[in-house]
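Data file: run30.cif. Format and content: mmCIF, C-alpha atoms.
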data_run
#
loop_
_atom_site.label_atom_id
_atom_site.label_comp_id
_atom_site.auth_asym_id
_atom_site.auth_seq_id
_atom_site.Cartn_x
_atom_site.Cartn_y
_atom_site.Cartn_z
CA MET A 1 18.45 0.82 -15.88
CA GLU A 2 16.08 1.37 -12.93
CA ASN A 3 13.24 -0.30 -14.88
CA GLN A 4 15.38 -3.41 -15.25
CA VAL A 5 16.04 -3.37 -11.50
CA LEU A 6 12.31 -3.06 -10.84
CA GLU A 7 11.30 -5.84 -13.22
CA THR A 8 13.93 -8.30 -11.99
CA ASN A 9 12.92 -7.71 -8.37
CA LEU A 10 9.19 -8.26 -8.81
CA CYS A 11 9.09 -12.02 -8.56
CA GLU A 12 6.63 -13.38 -6.04
CA ASP A 13 9.43 -14.30 -3.62
CA ALA A 14 10.67 -10.71 -3.58
CA ILE A 15 7.17 -9.37 -2.96
CA LEU A 16 6.69 -11.90 -0.17
CA GLU A 17 9.93 -10.66 1.38
CA TRP A 18 8.55 -7.09 1.24
CA GLN A 19 5.51 -8.36 3.15
CA ARG A 20 7.66 -10.14 5.74
CA THR A 21 9.82 -7.06 6.25
CA GLN A 22 6.70 -4.94 6.59
CA TYR A 23 5.32 -7.28 9.24
CA VAL A 24 8.49 -6.94 11.32
CA HIS A 25 8.44 -3.16 10.84
CA ASP A 26 4.78 -2.97 11.89
CA GLN A 27 5.43 -5.05 15.02
CA ARG A 28 8.15 -2.65 16.08
CA ASN A 29 6.73 0.68 14.97
CA HIS A 30 2.97 0.35 14.63
CA PHE A 31 1.91 -1.91 17.47
CA ASP A 32 -0.98 0.47 18.15
CA ILE A 33 -2.44 -0.53 14.78
CA LEU A 34 -1.52 -4.21 15.06
CA SER A 35 -3.33 -4.27 18.40
CA LEU A 36 -6.61 -3.35 16.71
CA HIS A 37 -9.10 -6.01 15.68
CA LYS A 38 -8.47 -7.06 12.07
CA GLN A 39 -11.64 -5.37 10.87
CA ASP A 40 -10.61 -2.10 12.50
CA ARG A 41 -7.14 -2.45 10.98
CA LEU A 42 -8.68 -2.84 7.54
CA LYS A 43 -10.77 0.29 8.09
CA HIS A 44 -7.61 2.12 9.14
CA TYR A 45 -5.77 1.03 6.00
CA ALA A 46 -8.74 1.90 3.77
CA MET A 47 -8.80 5.41 5.24
CA HIS A 48 -5.09 5.72 4.48
CA MET A 49 -5.75 4.78 0.86
CA ALA A 50 -8.47 7.43 0.61
CA LYS A 51 -5.98 9.95 2.00
CA TYR A 52 -3.41 8.98 -0.62
CA ALA A 53 -5.98 9.22 -3.42
CA GLY A 54 -6.69 12.74 -2.18
CA ARG A 55 -3.00 13.59 -2.33
CA VAL A 56 -2.85 12.40 -5.93
CA ALA A 57 -6.01 14.34 -6.81
CA ARG A 58 -4.51 17.59 -5.46
CA GLY A 59 -1.66 17.25 -7.93
CA ALA A 60 0.75 20.19 -7.78
CA ARG A 61 -1.16 21.69 -4.82
CA GLU A 62 -0.10 18.71 -2.68
CA ALA A 63 2.97 19.32 -0.54
CA LYS A 64 3.98 15.65 -0.49
CA SER A 65 5.60 14.34 -3.65
CA ILE A 66 4.07 11.61 -5.78
CA GLU A 67 7.04 9.40 -4.85
CA ARG A 68 6.32 9.90 -1.13
CA THR A 69 2.64 9.11 -1.69
CA PHE A 70 3.62 6.06 -3.73
CA THR A 71 5.87 4.83 -0.92
CA ASP A 72 3.33 5.44 1.84
CA ALA A 73 0.60 3.69 -0.15
CA LEU A 74 2.90 0.76 -0.89
CA LEU A 75 3.70 0.34 2.81
CA VAL A 76 0.00 0.37 3.69
CA SER A 77 -0.84 -2.06 0.90
CA LEU A 78 1.74 -4.48 2.30
CA SER A 79 0.34 -4.07 5.82
CA ALA A 80 -3.22 -4.57 4.59
CA ALA A 81 -2.14 -7.70 2.71
CA ASN A 82 -0.60 -9.08 5.89
CA THR A 83 -3.82 -8.42 7.80
CA LEU A 84 -5.80 -10.16 5.05
CA HIS A 85 -3.35 -13.10 4.87
CA GLN A 86 -3.09 -12.09 1.21
CA ARG A 87 -0.07 -13.08 -0.81
CA LEU A 88 0.42 -10.19 -3.19
CA SER A 89 1.65 -10.64 -6.72
CA TYR A 90 2.20 -8.19 -9.54
CA THR A 91 0.37 -8.23 -12.84
CA PRO A 92 1.52 -5.19 -14.82
CA ASN A 93 -0.51 -2.80 -16.91
CA GLN A 94 -4.02 -4.04 -16.21
CA SER A 95 -5.57 -0.71 -17.12
CA ASN A 96 -5.11 2.16 -19.53
CA GLU A 97 -6.64 4.51 -16.97
CA VAL A 98 -4.44 7.15 -15.42
CA PHE A 99 -3.01 6.59 -11.96
CA LEU A 100 -5.42 9.03 -10.28
CA TYR A 101 -8.48 7.14 -11.49
CA ARG A 102 -7.03 3.75 -10.69
CA ILE A 103 -6.00 4.55 -7.12
CA THR A 104 -9.22 6.45 -6.43
CA ASP A 105 -11.34 3.59 -7.78
CA ALA A 106 -9.49 0.94 -5.77
CA ALA A 107 -9.39 3.06 -2.58
CA GLY A 108 -13.12 3.70 -2.95
CA ARG A 109 -13.77 -0.03 -3.28
CA MET A 110 -11.65 -0.74 -0.21
CA ASN A 111 -13.58 1.87 1.79
CA ASP A 112 -16.90 0.53 0.49
CA ALA A 113 -15.88 -2.97 1.59
CA CYS A 114 -14.90 -1.72 5.04
CA GLU A 115 -18.20 0.12 5.40
CA LYS A 116 -19.93 -3.23 4.77
CA ILE A 117 -18.27 -4.63 7.90
CA ASP A 118 -20.56 -2.51 10.09
CA HIS A 119 -23.63 -3.84 8.25
CA LEU A 120 -22.52 -7.46 8.54
CA GLU A 121 -22.38 -7.71 4.76
CA PRO A 122 -19.77 -9.70 2.83
CA PHE A 123 -16.63 -7.60 2.43
CA LEU A 124 -13.53 -9.79 2.37
CA ASP A 125 -13.30 -10.46 -1.37
CA GLN A 126 -13.91 -6.81 -2.21
CA VAL A 127 -11.25 -5.45 0.16
CA THR A 128 -8.74 -8.09 -0.97
CA ILE A 129 -9.28 -7.33 -4.65
CA GLY A 130 -9.11 -3.59 -3.96
CA ASN A 131 -5.79 -3.99 -2.17
CA GLN A 132 -4.36 -6.11 -5.00
CA ASP A 133 -5.53 -3.50 -7.52
CA ILE A 134 -3.81 -0.74 -5.54
CA PHE A 135 -0.62 -2.79 -5.38
CA ASN A 136 -0.65 -3.33 -9.16
CA CYS A 137 -1.41 0.33 -9.75
CA LEU A 138 1.49 1.39 -7.53
CA LEU A 139 3.99 -0.89 -9.22
CA ASP A 140 2.81 0.27 -12.64
CA LEU A 141 3.48 3.82 -11.45
CA ALA A 142 6.94 2.78 -10.25
CA THR A 143 7.71 1.36 -13.68
CA GLU A 144 6.36 4.44 -15.44
CA ARG A 145 8.24 6.92 -13.21
CA ASN A 146 11.37 4.82 -12.66
CA PHE A 147 10.82 4.63 -8.91
CA ASN A 148 12.78 1.94 -7.09
CA PRO A 149 10.27 0.39 -4.66
CA GLU A 150 12.86 -1.44 -2.58
CA ASN A 151 14.91 1.68 -1.96
CA ALA A 152 11.79 3.74 -1.29
CA LEU A 153 10.46 1.19 1.21
CA GLU A 154 13.78 0.91 3.02
CA HIS A 155 14.23 4.69 3.24
CA ARG A 156 10.67 5.36 4.48
CA ARG A 157 10.77 2.54 7.02
CA LYS A 158 13.98 4.04 8.42
CA GLU A 159 12.30 7.46 8.69
CA LEU A 160 9.34 5.92 10.49
CA SER A 161 11.59 3.88 12.79
CA ASP A 162 13.61 6.95 13.70
CA ARG A 163 10.45 8.52 15.13
CA HIS A 164 10.66 5.89 17.86
CA PHE A 165 14.12 6.78 19.04
CA TYR A 166 13.47 5.04 22.38
CA ILE A 167 13.04 1.61 20.74
CA ARG A 168 16.31 -0.01 19.67
#

Can I see the file as structure tokens?
Amino acid sequence: MENQVLETNLCEDAILEWQRTQYVHDQRNHFDILSLHKQDRLKHYAMHMAKYAGRVARGAREAKSIERTFTDALLVSLSAANTLHQRLSYTPNQSNEVFLYRITDAAGRMNDACEKIDHLEPFLDQVTIGNQDIFNCLLDLATERNFNPENALEHRRKELSDRHFYIR
């Protein structure tokens, strides 16, 4: 049943709505990051992705659940897409590799692209493709594990918003 919910909600319009909702959330709750130059924001998001790949690599030794890591990575992927003016889409099952390898590969490519910024080397295509690959990888995981991305996003955004009790 959850898989049907996931697949019916993955049209491009629904994904675009996730991006719009993330933008509003980021304006309210992460203005410190939105205030950074776009290149610094991308570096910030790439470091997040490396952190999440590390969580996945730790497996059972990691205190945060795979669903929590999935949700956090999905939020950051949406924020990165907004910074890149990237309209995300979902193409399922692009790889037979396991989740750990896919997210580590894509996070590494995002970090490599962001490192190129400091050397004035081309980076935009690489970081955009890396972010799209992470997004696909995450939604493949959601399908495989029967995660409901919309519920996960809504719940985590509420948790993050509640940290800022003084903003209403």

- Item | Residues near range 42-45 of chain A, cut-off 7 Å, all atoms listed in the file, skip fewer than 5 positions along chain, as a VMD selection string | chain A and resid 76 80 114

- Message: as a PyMOL selection string, please: the residues near Leu34 in chain A (cut-off 10 Å, all atoms listed in the file, same-chain neighbours under 6 positions excluded).
- Response: chain A and resi 23+26-28+40-41+79+83

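The environment of Leu16 in chain A within 8 Å, counting all atoms listed in the file and disregarding residues fewer than 3 places along the same chain, consists of Glu12, Asp13, Gln19, Arg20, Arg87 and Leu88 of chain A.
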
- Item | Å distance separating CA of Glu150 in chain A from CA of Tyr90 in chain A, one decimal place |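 Taking CA of Glu150 in chain A as the start and CA of Tyr90 in chain A as the end point, the length is 14.4 Å.
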
- Can you list, as a list of chain:residue names, the residues that the PyMOL selection byres ((chain A and resi 73) around 10) selects here?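 On this input, the PyMOL selection byres ((chain A and resi 73) around 10) captures A:Tyr45, A:His48, A:Met49, A:Ala50, A:Lys51, A:Tyr52, A:Ala53, A:Glu67, A:Arg68, A:Thr69, A:Phe70, A:Thr71, A:Asp72, A:Leu74, A:Leu75, A:Val76, A:Ser77, A:Leu78, A:Ser79, A:Ile103, A:Ile134, A:Phe135, A:Leu138.
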
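Take CA of Leu124 in chain A and CA of Ser89 in chain A: the distance between them is 17.7 Å.
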
May I have the centre and edge lengths, in Å to one decimal, of an axis-aligned box around the listed atoms of range 142-146 of chain A with 3 Å added to every side, as JSON?
{"center_x": 8.9, "center_y": 4.1, "center_z": -12.8, "size_x": 11.0, "size_y": 11.6, "size_z": 11.2}
